[in-house]
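File shown: protein-v2.csv (CSV, C-alpha atoms and all ligand atoms).
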chain,number,residue,atom,x,y,z
M,1,MET,CA,-5.9,-20.4,-23.4
M,2,THR,CA,-3.3,-18.8,-25.7
M,3,GLU,CA,-2.7,-20.1,-29.2
M,4,THR,CA,0.6,-21.6,-28.2
M,5,GLN,CA,-1.0,-23.8,-25.6
M,6,THR,CA,-3.2,-25.7,-28.1
M,7,GLU,CA,-0.2,-26.9,-30.1
M,8,VAL,CA,0.9,-30.5,-29.8
M,9,TRP,CA,4.0,-30.7,-27.6
M,10,THR,CA,7.1,-32.5,-28.8
M,11,PRO,CA,9.6,-32.3,-26.0
M,12,ARG,CA,13.1,-31.2,-27.0
M,13,THR,CA,14.9,-31.9,-23.7
M,14,HIS,CA,15.5,-34.9,-21.5
M,15,LEU,CA,13.4,-33.2,-18.7
M,16,GLY,CA,10.6,-32.5,-21.2
M,17,ARG,CA,10.4,-36.2,-22.2
M,18,MET,CA,10.4,-37.4,-18.6
M,19,VAL,CA,7.5,-35.0,-17.8
M,20,MET,CA,5.6,-36.1,-20.9
M,21,GLU,CA,6.1,-39.8,-20.0
M,22,GLY,CA,4.9,-39.1,-16.4
M,23,LYS,CA,8.2,-39.9,-14.8
M,24,ILE,CA,8.3,-36.5,-13.3
M,25,THR,CA,5.0,-35.0,-12.0
M,26,SER,CA,5.9,-32.1,-9.7
M,27,LEU,CA,8.1,-29.0,-9.7
M,28,GLU,CA,9.5,-30.1,-6.4
M,29,GLU,CA,11.2,-33.0,-8.2
M,30,ILE,CA,12.5,-30.8,-10.9
M,31,PHE,CA,14.0,-28.2,-8.5
M,32,ASN,CA,15.3,-30.9,-6.1
M,33,GLN,CA,17.2,-32.6,-8.9
M,34,GLY,CA,18.6,-29.4,-10.1
M,35,TYR,CA,17.1,-29.4,-13.5
M,36,LYS,CA,16.8,-26.2,-15.5
M,37,ILE,CA,13.5,-25.7,-17.3
M,38,GLN,CA,14.1,-25.0,-20.9
M,39,GLU,CA,10.6,-25.7,-22.3
M,40,TYR,CA,7.6,-23.7,-21.0
M,41,LYS,CA,5.3,-26.7,-21.9
M,42,ILE,CA,6.8,-28.4,-18.9
M,43,ILE,CA,5.1,-25.8,-16.7
M,44,ASP,CA,1.9,-26.1,-18.7
M,45,SER,CA,1.9,-29.8,-18.2
M,46,ILE,CA,2.7,-29.8,-14.5
M,47,ILE,CA,0.7,-26.7,-13.5
M,48,PRO,CA,-2.2,-26.5,-16.0
M,49,ASN,CA,-4.0,-23.8,-13.9
M,50,MET,CA,-1.1,-21.3,-13.8
M,51,GLN,CA,-2.5,-17.8,-13.7
M,52,GLN,CA,-1.0,-14.8,-15.4
M,53,GLU,CA,-1.2,-11.0,-15.3
M,54,VAL,CA,0.4,-8.3,-17.4
M,55,LEU,CA,2.2,-5.9,-15.1
M,56,ASN,CA,3.5,-3.4,-17.7
M,57,ILE,CA,3.6,-2.7,-21.4
M,58,SER,CA,6.2,-0.2,-22.6
M,59,LEU,CA,7.3,1.1,-26.0
M,60,VAL,CA,10.9,0.6,-26.9
M,61,GLN,CA,12.6,2.4,-29.8
M,62,LYS,CA,15.5,1.1,-31.7
M,63,GLN,CA,17.5,2.9,-34.4
M,64,THR,CA,17.9,0.9,-37.6
M,65,ASP,CA,19.2,1.7,-41.1
M,66,ALA,CA,15.6,2.2,-42.2
M,67,GLY,CA,15.0,4.7,-39.4
M,68,GLU,CA,13.4,4.3,-36.0
M,69,LYS,CA,11.7,1.0,-35.2
M,70,SER,CA,9.4,0.7,-32.2
M,71,ARG,CA,8.4,-2.5,-30.4
M,72,PHE,CA,6.3,-3.2,-27.4
M,73,LYS,CA,7.8,-4.8,-24.3
M,74,SER,CA,5.7,-6.7,-21.9
M,75,LEU,CA,6.3,-7.6,-18.2
M,76,VAL,CA,4.3,-10.6,-17.1
M,77,ILE,CA,3.8,-12.4,-13.8
M,78,VAL,CA,2.7,-16.1,-13.6
M,79,GLY,CA,1.9,-18.0,-10.5
M,80,ASN,CA,-0.3,-20.8,-9.0
M,81,TYR,CA,-1.1,-19.0,-5.7
M,82,ASP,CA,0.5,-22.0,-4.1
M,83,GLY,CA,4.3,-21.4,-3.8
M,84,TYR,CA,5.4,-21.0,-7.4
M,85,ILE,CA,5.8,-17.8,-9.4
M,86,GLY,CA,7.7,-16.6,-12.5
M,87,LEU,CA,8.4,-13.2,-14.0
M,88,GLY,CA,9.3,-12.5,-17.6
M,89,THR,CA,9.5,-10.1,-20.4
M,90,GLY,CA,8.8,-10.2,-24.2
M,91,LYS,CA,9.3,-7.8,-27.1
M,92,ALA,CA,7.4,-7.7,-30.3
M,93,GLN,CA,5.8,-5.3,-32.8
M,94,GLN,CA,2.4,-6.4,-31.7
M,95,VAL,CA,1.2,-6.1,-28.1
M,96,ARG,CA,-0.4,-9.5,-28.2
M,97,ILE,CA,2.8,-11.2,-29.3
M,98,ALA,CA,4.8,-9.3,-26.8
M,99,ILE,CA,2.5,-10.6,-24.1
M,100,GLN,CA,2.7,-14.2,-25.3
M,101,LYS,CA,6.5,-14.0,-25.3
M,102,GLY,CA,6.4,-12.5,-21.8
M,103,ILE,CA,4.2,-15.4,-20.6
M,104,ILE,CA,6.6,-18.0,-22.0
M,105,ASP,CA,9.6,-16.2,-20.5
M,106,ALA,CA,7.9,-16.0,-17.1
M,107,LYS,CA,7.2,-19.7,-17.2
M,108,LEU,CA,10.8,-20.4,-17.9
M,109,ASN,CA,11.7,-18.3,-14.8
M,110,VAL,CA,9.4,-20.2,-12.4
M,111,THR,CA,10.8,-20.4,-9.0
M,112,PRO,CA,9.6,-22.0,-5.7
M,113,VAL,CA,8.7,-19.6,-2.9
M,114,ARG,CA,9.0,-20.7,0.7
M,115,ARG,CA,6.0,-19.7,2.8
M,116,GLY,CA,5.6,-19.9,6.6
M,117,CYS,CA,4.8,-17.8,9.6
M,118,GLY,CA,7.9,-16.1,10.9
M,119,SER,CA,6.0,-13.5,12.8
M,120,TRP,CA,6.7,-13.4,16.5
M,121,GLU,CA,3.4,-11.6,17.0
M,122,CYS,CA,1.5,-14.5,15.3
M,123,GLY,CA,3.3,-17.8,15.6
M,124,CYS,CA,0.5,-19.8,14.1
M,125,GLY,CA,3.0,-21.9,12.1
M,126,GLU,CA,0.9,-21.8,8.9
M,127,ASN,CA,1.8,-20.7,5.4
M,128,HIS,CA,0.1,-17.3,5.3
M,129,SER,CA,3.3,-15.3,5.4
M,130,ILE,CA,7.1,-15.8,4.9
M,131,PRO,CA,9.3,-17.7,7.4
M,132,PHE,CA,12.0,-15.0,7.7
M,133,LYS,CA,13.2,-11.6,6.4
M,134,VAL,CA,14.5,-11.6,2.8
M,135,GLN,CA,15.9,-8.9,0.5
M,136,GLY,CA,15.9,-8.6,-3.3
M,137,LYS,CA,17.6,-6.1,-5.6
M,138,CYS,CA,17.3,-5.1,-9.2
M,139,GLY,CA,18.9,-1.9,-10.7
M,140,SER,CA,18.6,0.8,-8.1
M,141,VAL,CA,15.7,-0.9,-6.3
M,142,THR,CA,16.0,-2.9,-3.1
M,143,ILE,CA,13.0,-4.4,-1.4
M,144,GLU,CA,12.9,-6.1,2.0
M,145,LEU,CA,10.0,-8.5,2.8
M,146,ARG,CA,9.3,-9.3,6.5
M,147,PRO,CA,6.9,-11.8,8.1
M,148,SER,CA,3.7,-10.3,9.4
M,149,PRO,CA,0.8,-11.5,11.5
M,150,ARG,CA,-2.3,-13.1,10.0
M,151,GLY,CA,-4.9,-10.7,8.7
M,152,LEU,CA,-2.5,-7.8,8.0
M,153,GLY,CA,-2.6,-8.3,4.2
M,154,VAL,CA,0.3,-7.6,1.9
M,155,VAL,CA,1.6,-4.1,2.7
M,156,ALA,CA,3.4,-3.1,-0.5
M,157,GLY,CA,3.3,-0.9,-3.6
M,158,ASP,CA,1.0,-2.1,-6.3
M,159,VAL,CA,3.5,-4.1,-8.4
M,160,ALA,CA,5.1,-5.9,-5.5
M,161,LYS,CA,1.6,-6.6,-4.0
M,162,THR,CA,0.4,-8.3,-7.2
M,163,ILE,CA,3.6,-10.4,-7.4
M,164,ILE,CA,3.5,-11.4,-3.7
M,165,LYS,CA,-0.2,-12.4,-4.0
M,166,PHE,CA,0.6,-14.7,-6.9
M,167,THR,CA,2.7,-16.9,-4.5
M,168,GLY,CA,-0.2,-17.4,-2.2
M,169,ILE,CA,1.4,-15.3,0.6
M,170,LYS,CA,-1.4,-13.4,2.3
M,171,ASP,CA,0.4,-11.3,4.9
M,172,CYS,CA,3.7,-9.6,4.6
M,173,TRP,CA,5.4,-6.2,5.4
M,174,THR,CA,7.6,-4.7,2.8
M,175,LYS,CA,10.0,-1.8,2.7
M,176,SER,CA,11.5,-0.6,-0.5
M,177,PHE,CA,14.3,1.8,-1.5
M,178,GLY,CA,15.4,3.4,-4.8
M,179,SER,CA,13.3,4.3,-7.8
M,180,THR,CA,10.3,2.0,-7.3
M,181,ARG,CA,8.4,3.8,-10.0
M,182,THR,CA,10.6,2.0,-12.5
M,183,ILE,CA,8.1,-0.9,-12.8
M,184,PRO,CA,10.5,-3.6,-14.2
M,185,SER,CA,13.2,-3.0,-11.6
M,186,PHE,CA,10.6,-3.0,-8.8
M,187,ALA,CA,9.1,-6.2,-10.1
M,188,PHE,CA,12.4,-8.0,-10.5
M,189,ALA,CA,13.6,-6.9,-7.1
M,190,THR,CA,10.4,-8.4,-5.6
M,191,TYR,CA,10.8,-11.6,-7.6
M,192,ASN,CA,14.5,-11.9,-6.4
M,193,ALA,CA,13.5,-11.4,-2.8
M,194,LEU,CA,10.8,-14.1,-3.0
M,195,LYS,CA,13.4,-16.4,-4.7
M,196,ASN,CA,15.7,-15.8,-1.8
M,197,THR,CA,13.3,-17.5,0.6
M,198,TYR,CA,14.8,-20.7,-0.8
M,199,ARG,CA,18.4,-19.7,-1.5
M,200,ILE,CA,19.3,-19.2,2.2
M,201,VAL,CA,18.2,-22.6,3.4
M,202,THR,CA,20.0,-26.0,3.3
M,203,PRO,CA,19.0,-28.6,0.7
M,204,LYS,CA,17.5,-30.9,3.4
M,205,ASP,CA,14.9,-28.1,4.2
M,206,TRP,CA,13.8,-28.1,0.6
M,207,VAL,CA,10.9,-30.4,0.8
M,208,GLY,CA,8.1,-29.9,3.3
M,301,ZN,ZN,0.9,-16.8,11.7
Render the structure in this file as structure tokens.
Amino acid sequence: MTETQTEVWTPRTHLGRMVMEGKITSLEEIFNQGYKIQEYKIIDSIIPNMQQEVLNISLVQKQTDAGEKSRFKSLVIVGNYDGYIGLGTGKAQQVRIAIQKGIIDAKLNVTPVRRGCGSWECGCGENHSIPFKVQGKCGSVTIELRPSPRGLGVVAGDVAKTIIKFTGIKDCWTKSFGSTRTIPSFAFATYNALKNTYRIVTPKDWVG
């Protein structure tokens, strides 16, 4: 539990009030109705067991009148291992605060991820992989995710592997191009690819 999670929540948005009153109880409803999540407590309320991991901490320098000022920047993944992930960043002078801000930002960026078995070698029809090939980009990095047979595992660089596992996907091939050593770009390219599992289907396919 972070400190922010123990505070009493007073919703600021219409969506927040509906979640608090129990009129909306799932992320499916939120995304189906096209709401934008502006309060991270909505995620805490609907997915109380959301897991998180810090992917990167970097030091960022800024020139001010008083000289150089350095702050930490976190890169954080959240997910429920069941079709929802978020990726976010946070900056602060203290690492701990930078991480907390990163967690909040990641929760505000939660997206559904479509799983399935699009592997012709497997064809089991279960949710262990992805249903079709997707691509994602960020900066100079492009990553392609492809369905793979059961038992293969997630074949990817460390950062992409961690992100993919947070969705609950167990098997997947990846191919990446560009400077994948730039962790934030590699991470956001992977997140964008996973997000694209929903972008290229019709709304009637959304549920189920
Ligand atoms: Zn399969």
Next on the checklist: Could you list, as a ChimeraX atom specification, every residue within 6 Å of segment 162-179 of chain M, counting all atoms listed in the file and ignoring same-chain residues fewer than 5 positions away?
Outcome noted: /M:79,81-85,128-129,140-148,152-156
Checklist entry - With distances taken over only C-alpha atoms and all ligand atoms, which of M:Lys91, M:Lys107, M:Arg115, M:Lys36 is nearest to ligand ZN 301 (chain M)? => result M:Arg115
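Reported to one decimal place, the separation of atom CA of Leu75 of chain M from atom CA of Gln61 of chain M is 16.6 Å.
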Checklist outcome for this item: The residue from M:Gln100, M:Asn32, M:Asn109, M:Thr197 with the smallest atom-to-atom distance to Leu87 of chain M, counting all atoms listed in the file, is M:Asn109
Item to check | Nearby polymer residues, ligand ZN 301 (chain M), at most 7 Å, only C-alpha atoms and all ligand atoms, as number ranges by chain | outcome: M: 117, 119, 122-126, 128-129, 149-150
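Atom CA of Leu59 of chain M sits 5.8 Å away from atom CA of Arg71 of chain M.
Taking atom CA of Thr25 of chain M and atom CA of Asp105 of chain M as the two end points, the separation is 21.1 Å.
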Kindly assemble as a tab-separated table a list of the segment 66-162 of chain M residues that lie within 6 Å of segment 187-194 of chain M, each paired with its nearest atom pair and their distance in Å to one decimal, using all atoms listed in the file, sorted first by chain and then by ascending residue number.
residue	atom	partner	partner_atom	distance
M:Val113	CA	M:Leu194	CA	5.9
M:Val134	CA	M:Ala193	CA	5.7
M:Gln135	CA	M:Ala193	CA	4.8
M:Gly136	CA	M:Ala193	CA	3.7
M:Lys137	CA	M:Ala189	CA	4.3
M:Cys138	CA	M:Ala189	CA	4.6
M:Ala160	CA	M:Thr190	CA	5.9
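The shortest atom-to-atom distance to Val110 of chain M, with all atoms listed in the file taken into account, belongs to M:Val78 out of M:Val78, M:Ile183, M:Val60, M:Ile30.
Take the candidates M:Gln38, M:Asn80, M:Ser58, M:Thr64 and check each one against Gln94 of chain M using all atoms listed in the file; the shortest distance goes to M:Ser58.
The shell of residues at most 12 Å from His14 of chain M, with all atoms listed in the file counted and near chain neighbours (fewer than 2 positions) removed, consists of Thr10, Pro11, Arg12, Gly16, Arg17, Met18, Val19, Met20, Glu21, Lys23, Ile24, Ile30, Tyr35, Lys36, Ile37, Gln38, Glu39 and Ile42 of chain M.
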